[in-house]
$ cat target-v4.pdb   # PDB, C-alpha atoms
ATOM      1  CA  MET A 232     103.604  55.940 178.847  1.00  0.00           C
ATOM      2  CA  GLN A 233     106.985  54.286 179.251  1.00  0.00           C
ATOM      3  CA  LYS A 234     107.371  55.675 182.773  1.00  0.00           C
ATOM      4  CA  SER A 235     104.130  54.045 183.959  1.00  0.00           C
ATOM      5  CA  GLY A 236     105.266  50.713 182.427  1.00  0.00           C
ATOM      6  CA  ILE A 237     108.464  50.832 184.471  1.00  0.00           C
ATOM      7  CA  LEU A 238     106.456  51.670 187.605  1.00  0.00           C
ATOM      8  CA  PHE A 239     104.135  48.691 186.933  1.00  0.00           C
ATOM      9  CA  VAL A 240     107.176  46.404 186.689  1.00  0.00           C
ATOM     10  CA  ILE A 241     108.547  47.755 189.980  1.00  0.00           C
ATOM     11  CA  VAL A 242     105.312  47.334 191.961  1.00  0.00           C
ATOM     12  CA  GLY A 243     104.704  43.984 190.269  1.00  0.00           C
ATOM     13  CA  SER A 244     108.120  42.896 191.503  1.00  0.00           C
ATOM     14  CA  ILE A 245     107.237  44.073 195.014  1.00  0.00           C
ATOM     15  CA  VAL A 246     104.041  41.975 194.917  1.00  0.00           C
ATOM     16  CA  GLY A 247     106.056  38.994 193.624  1.00  0.00           C
ATOM     17  CA  VAL A 248     108.577  39.339 196.458  1.00  0.00           C
ATOM     18  CA  GLY A 249     105.684  39.526 198.946  1.00  0.00           C
ATOM     19  CA  ILE A 250     104.162  36.309 197.564  1.00  0.00           C
ATOM     20  CA  ILE A 251     107.508  34.488 197.647  1.00  0.00           C
ATOM     21  CA  LEU A 252     108.151  35.649 201.232  1.00  0.00           C
ATOM     22  CA  SER A 253     104.660  34.525 202.195  1.00  0.00           C
ATOM     23  CA  PHE A 254     105.275  30.986 200.912  1.00  0.00           C
ATOM     24  CA  TYR A 255     108.730  30.902 202.495  1.00  0.00           C
ATOM     25  CA  GLY A 256     107.376  32.254 205.794  1.00  0.00           C
ATOM     26  CA  ASN A 257     104.685  29.575 205.950  1.00  0.00           C
ATOM     27  CA  GLN A 258     107.297  26.923 205.218  1.00  0.00           C
ATOM     28  CA  VAL A 259     109.551  28.201 208.026  1.00  0.00           C
ATOM     29  CA  ILE A 260     106.694  28.504 210.529  1.00  0.00           C
ATOM     30  CA  PHE A 261     105.328  25.007 209.861  1.00  0.00           C
ATOM     31  CA  GLU A 262     108.610  23.112 209.343  1.00  0.00           C
ATOM     32  CA  ASP A 263     108.745  21.784 212.926  1.00  0.00           C
ATOM     33  CA  LEU A 264     105.077  20.815 213.113  1.00  0.00           C
ATOM     34  CA  ILE A 265     104.031  17.199 212.613  1.00  0.00           C
ATOM     35  CA  LYS A 266     100.879  16.667 210.581  1.00  0.00           C
ATOM     36  CA  GLY A 267      98.476  13.760 210.564  1.00  0.00           C
ATOM     37  CA  GLU A 268      95.158  13.029 208.927  1.00  0.00           C
ATOM     38  CA  GLY A 269      92.684  10.231 208.636  1.00  0.00           C
ATOM     39  CA  GLN A 270      89.147   8.962 208.483  1.00  0.00           C
ATOM     40  CA  VAL A 271      88.288   8.418 212.140  1.00  0.00           C
ATOM     41  CA  LYS A 272      85.412   6.068 213.000  1.00  0.00           C
ATOM     42  CA  PHE A 273      83.434   5.823 216.220  1.00  0.00           C
ATOM     43  CA  GLY A 274      85.667   4.615 219.024  1.00  0.00           C
ATOM     44  CA  GLU A 275      88.869   5.096 217.005  1.00  0.00           C
ATOM     45  CA  ASN A 276      91.653   7.588 217.613  1.00  0.00           C
ATOM     46  CA  LEU A 277      93.995   9.553 215.388  1.00  0.00           C
ATOM     47  CA  ILE A 278      97.347   9.712 217.203  1.00  0.00           C
ATOM     48  CA  ILE A 279     100.081  12.132 216.125  1.00  0.00           C
ATOM     49  CA  PRO A 280     103.381  11.870 218.060  1.00  0.00           C
ATOM     50  CA  VAL A 281     106.099  14.538 218.144  1.00  0.00           C
ATOM     51  CA  GLU A 282     109.390  14.755 219.993  1.00  0.00           C
ATOM     52  CA  LEU A 283     109.695  18.018 221.931  1.00  0.00           C
ATOM     53  CA  ASP A 284     112.636  19.412 223.887  1.00  0.00           C
ATOM     54  CA  ASN A 285     111.803  21.683 226.820  1.00  0.00           C
ATOM     55  CA  THR A 286     115.237  23.322 226.596  1.00  0.00           C
ATOM     56  CA  GLU A 287     114.325  24.713 223.152  1.00  0.00           C
ATOM     57  CA  THR A 288     110.768  25.837 223.906  1.00  0.00           C
ATOM     58  CA  GLN A 289     108.400  25.755 226.856  1.00  0.00           C
ATOM     59  CA  THR A 290     105.190  25.869 224.829  1.00  0.00           C
ATOM     60  CA  GLY A 291     103.706  23.499 222.297  1.00  0.00           C
ATOM     61  CA  ILE A 292     100.809  24.090 219.931  1.00  0.00           C
ATOM     62  CA  TYR A 293      98.243  21.843 218.322  1.00  0.00           C
ATOM     63  CA  ALA A 294      95.443  22.304 215.840  1.00  0.00           C
ATOM     64  CA  VAL A 295      92.530  20.167 214.715  1.00  0.00           C
ATOM     65  CA  GLN A 296      90.470  20.640 211.556  1.00  0.00           C
ATOM     66  CA  ILE A 297      87.309  18.626 211.014  1.00  0.00           C
ATOM     67  CA  ILE A 298      85.986  18.330 207.468  1.00  0.00           C
ATOM     68  CA  ASN A 299      82.151  18.484 207.415  1.00  0.00           C
ATOM     69  CA  PHE A 300      82.142  19.423 211.087  1.00  0.00           C
ATOM     70  CA  LYS A 301      80.232  17.203 213.483  1.00  0.00           C
ATOM     71  CA  GLU A 302      80.001  17.296 217.287  1.00  0.00           C
ATOM     72  CA  GLY A 303      81.676  14.596 219.335  1.00  0.00           C
ATOM     73  CA  ILE A 304      85.391  15.146 218.681  1.00  0.00           C
ATOM     74  CA  THR A 305      87.833  15.392 221.579  1.00  0.00           C
ATOM     75  CA  ALA A 306      91.506  16.364 221.356  1.00  0.00           C
ATOM     76  CA  LYS A 307      93.904  15.326 224.111  1.00  0.00           C
ATOM     77  CA  ILE A 308      97.582  15.989 224.659  1.00  0.00           C
ATOM     78  CA  LEU A 309      99.585  13.246 226.356  1.00  0.00           C
ATOM     79  CA  ASP A 310     103.016  13.902 227.860  1.00  0.00           C
ATOM     80  CA  PRO A 311     105.987  11.495 227.485  1.00  0.00           C
ATOM     81  CA  PHE A 312     104.604   9.457 230.424  1.00  0.00           C
ATOM     82  CA  ASP A 313     101.216   9.106 228.628  1.00  0.00           C
ATOM     83  CA  LYS A 314      99.623  11.355 231.236  1.00  0.00           C
ATOM     84  CA  GLU A 315      96.852  13.586 229.904  1.00  0.00           C
ATOM     85  CA  ILE A 316      97.912  17.232 230.276  1.00  0.00           C
ATOM     86  CA  GLU A 317      95.280  18.874 228.068  1.00  0.00           C
ATOM     87  CA  SER A 318      91.801  17.857 226.921  1.00  0.00           C
ATOM     88  CA  GLN A 319      89.450  19.852 224.744  1.00  0.00           C
ATOM     89  CA  LEU A 320      86.014  19.113 223.298  1.00  0.00           C
ATOM     90  CA  ILE A 321      86.173  20.471 219.744  1.00  0.00           C
ATOM     91  CA  ASP A 322      83.123  22.634 219.043  1.00  0.00           C
ATOM     92  CA  GLU A 323      84.208  24.307 215.799  1.00  0.00           C
ATOM     93  CA  GLU A 324      85.591  23.247 212.409  1.00  0.00           C
ATOM     94  CA  VAL A 325      89.113  24.534 213.152  1.00  0.00           C
ATOM     95  CA  PHE A 326      90.518  24.559 216.673  1.00  0.00           C
ATOM     96  CA  GLU A 327      93.951  25.668 217.911  1.00  0.00           C
ATOM     97  CA  GLY A 328      95.380  25.179 221.384  1.00  0.00           C
ATOM     98  CA  ARG A 329      98.562  25.468 223.432  1.00  0.00           C
ATOM     99  CA  PHE A 330     100.152  23.310 226.075  1.00  0.00           C
ATOM    100  CA  ASN A 331     103.176  23.499 228.353  1.00  0.00           C
ATOM    101  CA  ILE A 332     106.237  21.360 227.689  1.00  0.00           C
ATOM    102  CA  ALA A 333     107.366  20.315 231.178  1.00  0.00           C
ATOM    103  CA  VAL A 334     109.827  17.561 230.228  1.00  0.00           C
ATOM    104  CA  SER A 335     111.548  16.545 226.999  1.00  0.00           C
ATOM    105  CA  GLY A 336     110.166  13.528 225.195  1.00  0.00           C
ATOM    106  CA  ILE A 337     107.448  12.331 222.853  1.00  0.00           C
ATOM    107  CA  TYR A 338     104.152  14.178 223.218  1.00  0.00           C
ATOM    108  CA  LYS A 339     101.017  12.878 221.488  1.00  0.00           C
ATOM    109  CA  LEU A 340      97.967  14.557 220.052  1.00  0.00           C
ATOM    110  CA  VAL A 341      95.113  12.062 220.418  1.00  0.00           C
ATOM    111  CA  ILE A 342      91.928  12.910 218.518  1.00  0.00           C
ATOM    112  CA  GLU A 343      88.898  10.804 219.480  1.00  0.00           C
ATOM    113  CA  ASN A 344      85.619  10.425 217.616  1.00  0.00           C
ATOM    114  CA  THR A 345      82.588   9.751 219.802  1.00  0.00           C
ATOM    115  CA  ASP A 346      80.153  10.365 216.946  1.00  0.00           C
ATOM    116  CA  GLU A 347      78.730   7.350 215.130  1.00  0.00           C
ATOM    117  CA  LYS A 348      79.732   8.627 211.682  1.00  0.00           C
ATOM    118  CA  GLU A 349      83.215   8.424 210.188  1.00  0.00           C
ATOM    119  CA  ILE A 350      84.820  11.864 209.989  1.00  0.00           C
ATOM    120  CA  LYS A 351      87.818  13.205 208.047  1.00  0.00           C
ATOM    121  CA  ILE A 352      90.173  14.906 210.524  1.00  0.00           C
ATOM    122  CA  PHE A 353      93.467  16.797 210.153  1.00  0.00           C
ATOM    123  CA  GLY A 354      95.730  17.349 213.157  1.00  0.00           C
ATOM    124  CA  VAL A 355      98.996  19.199 213.756  1.00  0.00           C
ATOM    125  CA  ILE A 356     101.273  19.261 216.806  1.00  0.00           C
ATOM    126  CA  GLY A 357     104.704  20.725 217.512  1.00  0.00           C
ATOM    127  CA  PRO A 358     106.707  23.457 219.202  1.00  0.00           C
ATOM    128  CA  GLU A 359     105.390  27.005 219.158  1.00  0.00           C
ATOM    129  CA  PRO A 360     107.266  28.965 216.464  1.00  0.00           C
ATOM    130  CA  ASP A 361     109.545  31.686 217.834  1.00  0.00           C
ATOM    131  CA  ALA A 362     108.871  35.387 217.305  1.00  0.00           C
ATOM    132  CA  GLY A 363     111.422  35.652 214.472  1.00  0.00           C
ATOM    133  CA  LYS A 364     109.634  33.016 212.424  1.00  0.00           C
ATOM    134  CA  LYS A 365     106.237  34.594 213.086  1.00  0.00           C
ATOM    135  CA  SER A 366     107.485  38.056 212.084  1.00  0.00           C
ATOM    136  CA  LEU A 367     108.407  36.767 208.624  1.00  0.00           C
ATOM    137  CA  GLY A 368     104.691  36.214 207.986  1.00  0.00           C
ATOM    138  CA  PHE A 369     103.861  39.795 208.979  1.00  0.00           C
ATOM    139  CA  ILE A 370     106.685  41.220 206.861  1.00  0.00           C
ATOM    140  CA  SER A 371     105.453  39.386 203.761  1.00  0.00           C
ATOM    141  CA  LEU A 372     101.916  40.661 204.401  1.00  0.00           C
ATOM    142  CA  TYR A 373     103.131  44.262 204.659  1.00  0.00           C
ATOM    143  CA  ILE A 374     105.165  43.926 201.447  1.00  0.00           C
ATOM    144  CA  LEU A 375     102.114  42.521 199.647  1.00  0.00           C
ATOM    145  CA  ILE A 376      99.931  45.390 200.873  1.00  0.00           C
ATOM    146  CA  ILE A 377     102.525  47.982 199.819  1.00  0.00           C
ATOM    147  CA  GLY A 378     102.780  46.350 196.384  1.00  0.00           C
ATOM    148  CA  LEU A 379      99.009  46.258 195.894  1.00  0.00           C
ATOM    149  CA  ILE A 380      98.625  49.882 196.984  1.00  0.00           C
ATOM    150  CA  GLY A 381     101.451  50.719 194.580  1.00  0.00           C
ATOM    151  CA  MET A 382      99.579  48.940 191.762  1.00  0.00           C
ATOM    152  CA  VAL A 383      96.512  51.096 192.395  1.00  0.00           C
ATOM    153  CA  GLY A 384      98.661  54.235 192.548  1.00  0.00           C
ATOM    154  CA  VAL A 385     100.445  53.411 189.283  1.00  0.00           C
ATOM    155  CA  ALA A 386      97.101  52.647 187.586  1.00  0.00           C
ATOM    156  CA  ILE A 387      95.740  56.040 188.664  1.00  0.00           C
ATOM    157  CA  TYR A 388      98.962  57.707 187.491  1.00  0.00           C
ATOM    158  CA  ALA A 389      98.730  55.953 184.095  1.00  0.00           C
ATOM    159  CA  ILE A 390      95.084  56.957 183.635  1.00  0.00           C
ATOM    160  CA  LYS A 391      95.823  60.614 184.477  1.00  0.00           C
ATOM    161  CA  ASN A 392      98.777  60.696 182.086  1.00  0.00           C
ATOM    162  CA  ARG A 393      96.730  59.109 179.330  1.00  0.00           C
ATOM    163  CA  LYS A 394      94.077  61.859 179.691  1.00  0.00           C
ATOM    164  CA  LYS A 395      96.826  64.536 179.510  1.00  0.00           C
ATOM    165  CA  SER A 396      98.297  63.060 176.338  1.00  0.00           C
ATOM    166  CA  PHE A 397      94.863  63.115 174.587  1.00  0.00           C
ATOM    167  CA  SER A 398      94.288  66.779 175.477  1.00  0.00           C
TER     168      SER A 398
END
$ encode --input "target-v4.pdb" --output "structure tokens"
Amino acid sequence: MQKSGILFVIVGSIVGVGIILSFYGNQVIFEDLIKGEGQVKFGENLIIPVELDNTETQTGIYAVQIINFKEGITAKILDPFDKEIESQLIDEEVFEGRFNIAVSGIYKLVIENTDEKEIKIFGVIGPEPDAGKKSLGFISLYILIIGLIGMVGVAIYAIKNRKKSFS
């Protein structure tokens, strides 16, 4: 029985490490992204500015989440010269998009509400995370899966050993 207890501690530790890496990975991935939120009325805009350097990355990302989704939301990306480089009619509760960073400067995510009702909107804009940062998320997922499979394996092992000790 003591052996299965030690195995439970080991796989429990693996699951714990996976959870910690997951939180850390999310923190690393989202550290450069600028977030904004607000109640947006008809004719109003939610504007989220971010400074981007095209020598560091050539691609930017943005995301829009609409609470109690309604039609009539448009997301636009403006370059440092306030020229529209991307426009998207949002037709789902969560939308993600990409845009090219041609010049360094302040880019803006402009979220417009053309619906008559006030809507709660979250927006995020920033540089696309590099592959190293993204891989941390996958590593933590694999560690979690290994730990959970280990938990099942140790439980089966403990049940089989318990049956042997009663025989």
$ closest_residue --input "target-v4.pdb" --among "A:Leu367, A:Val271, A:Lys307, A:Ile292" --to "A:Phe254" --atoms "all atoms listed in the file"
A:Leu367
$ atom_distance --input "target-v4.pdb" --atom1 "atom CA of A:Gly354" --atom2 "atom CA of A:Gly249"
28.2 Å
$ resolve_selection --input "target-v4.pdb" --expression "the PyMOL selection byres ((chain A and resi 267) around 9)" --output "list in words"
Ile265, Lys266, Glu268, Gly269, Leu277, Ile278, Ile279, Ile352, Phe353, Gly354, Val355 and Ile356 of chain A
$ write_last_selection --input "target-v4.pdb" --atoms "C-alpha atoms" --output "compact mmCIF listing (two decimals), in the coordinates of the input"
# COMPACT_ATOMS: atom_id res chain seq x y z
CA ILE A 265 104.03 17.20 212.61
CA LYS A 266 100.88 16.67 210.58
CA GLU A 268 95.16 13.03 208.93
CA GLY A 269 92.68 10.23 208.64
CA LEU A 277 94.00 9.55 215.39
CA ILE A 278 97.35 9.71 217.20
CA ILE A 279 100.08 12.13 216.12
CA ILE A 352 90.17 14.91 210.52
CA PHE A 353 93.47 16.80 210.15
CA GLY A 354 95.73 17.35 213.16
CA VAL A 355 99.00 19.20 213.76
CA ILE A 356 101.27 19.26 216.81
$ residues_around --input "target-v4.pdb" --residues "A:Glu302" --least-positions-apart "3" --cutoff "10 Å" --atoms "only C-alpha atoms" --output "list in words"
Ile297, Thr305, Leu320, Ile321, Asp322, Glu323, Glu324, Asn344, Thr345 and Asp346 of chain A
$ axis_aligned_box --input "target-v4.pdb" --around "stretch 236-251 of chain A" --padding-each-side "8 Å" --output "JSON"
{"center_x": 106.3, "center_y": 43.1, "center_z": 190.7, "size_x": 20.5, "size_y": 33.2, "size_z": 32.5}
$ residues_around --input "target-v4.pdb" --residues "stretch 377-393 of chain A" --least-positions-apart "3" --cutoff "7 Å" --atoms "all atoms listed in the file" --output "PDB file with C-alpha atoms, keeping the file's coordinate frame"
ATOM      1  CA  SER A 235     104.130  54.045 183.959  1.00  0.00           C
ATOM      2  CA  LEU A 238     106.456  51.670 187.605  1.00  0.00           C
ATOM      3  CA  PHE A 239     104.135  48.691 186.933  1.00  0.00           C
ATOM      4  CA  VAL A 242     105.312  47.334 191.961  1.00  0.00           C
ATOM      5  CA  GLY A 243     104.704  43.984 190.269  1.00  0.00           C
ATOM      6  CA  ILE A 245     107.237  44.073 195.014  1.00  0.00           C
ATOM      7  CA  VAL A 246     104.041  41.975 194.917  1.00  0.00           C
ATOM      8  CA  TYR A 373     103.131  44.262 204.659  1.00  0.00           C
ATOM      9  CA  ILE A 374     105.165  43.926 201.447  1.00  0.00           C
ATOM     10  CA  SER A 396      98.297  63.060 176.338  1.00  0.00           C
ATOM     11  CA  PHE A 397      94.863  63.115 174.587  1.00  0.00           C
TER      12      PHE A 397
END
$ resolve_selection --input "target-v4.pdb" --expression "the PyMOL selection byres ((chain A and resi 252) around 9)" --output "PyMOL selection string"
chain A and resi 247-251+253-257+367-368+370-372+374
$ write_last_selection --input "target-v4.pdb" --atoms "C-alpha atoms" --output "tab-separated table (two decimals), in the coordinates of the input"
chain	number	residue	atom	x	y	z
A	247	GLY	CA	106.06	38.99	193.62
A	248	VAL	CA	108.58	39.34	196.46
A	249	GLY	CA	105.68	39.53	198.95
A	250	ILE	CA	104.16	36.31	197.56
A	251	ILE	CA	107.51	34.49	197.65
A	253	SER	CA	104.66	34.52	202.20
A	254	PHE	CA	105.28	30.99	200.91
A	255	TYR	CA	108.73	30.90	202.50
A	256	GLY	CA	107.38	32.25	205.79
A	257	ASN	CA	104.68	29.58	205.95
A	367	LEU	CA	108.41	36.77	208.62
A	368	GLY	CA	104.69	36.21	207.99
A	370	ILE	CA	106.68	41.22	206.86
A	371	SER	CA	105.45	39.39	203.76
A	372	LEU	CA	101.92	40.66	204.40
A	374	ILE	CA	105.16	43.93	201.45
$ closest_residue --input "target-v4.pdb" --among "A:Ile342, A:Asp310, A:Ile260, A:Val240" --to "A:Ser366" --atoms "only C-alpha atoms"
A:Ile260
$ resolve_selection --input "target-v4.pdb" --expression "the PyMOL selection byres ((chain A and resi 333) around 9)" --output "VMD selection string"
chain A and resid 285 289 to 290 310 331 to 332 334 to 335
$ atom_distance --input "target-v4.pdb" --atom1 "atom CA of A:Phe330" --atom2 "atom CA of A:Gln258"
22.3 Å
$ atom_distance --input "target-v4.pdb" --atom1 "atom CA of A:Ala306" --atom2 "atom CA of A:Gly274"
13.3 Å
$ closest_residue --input "target-v4.pdb" --among "A:Phe312, A:Ile337, A:Pro358, A:Gly303" --to "A:Lys272" --atoms "all atoms listed in the file"
A:Gly303
$ closest_residue --input "target-v4.pdb" --among "A:Glu287, A:Asp263, A:Asp361, A:Glu282" --to "A:Leu340" --atoms "all atoms listed in the file"
A:Glu282
$ closest_residue --input "target-v4.pdb" --among "A:Val259, A:Leu264, A:Ile241, A:Leu283" --to "A:Ala362" --atoms "only C-alpha atoms"
A:Val259
$ residues_around --input "target-v4.pdb" --residues "A:Lys314" --least-positions-apart "5" --cutoff "10 Å" --atoms "only C-alpha atoms" --output "PyMOL selection string"
chain A and resi 307-309+338-339
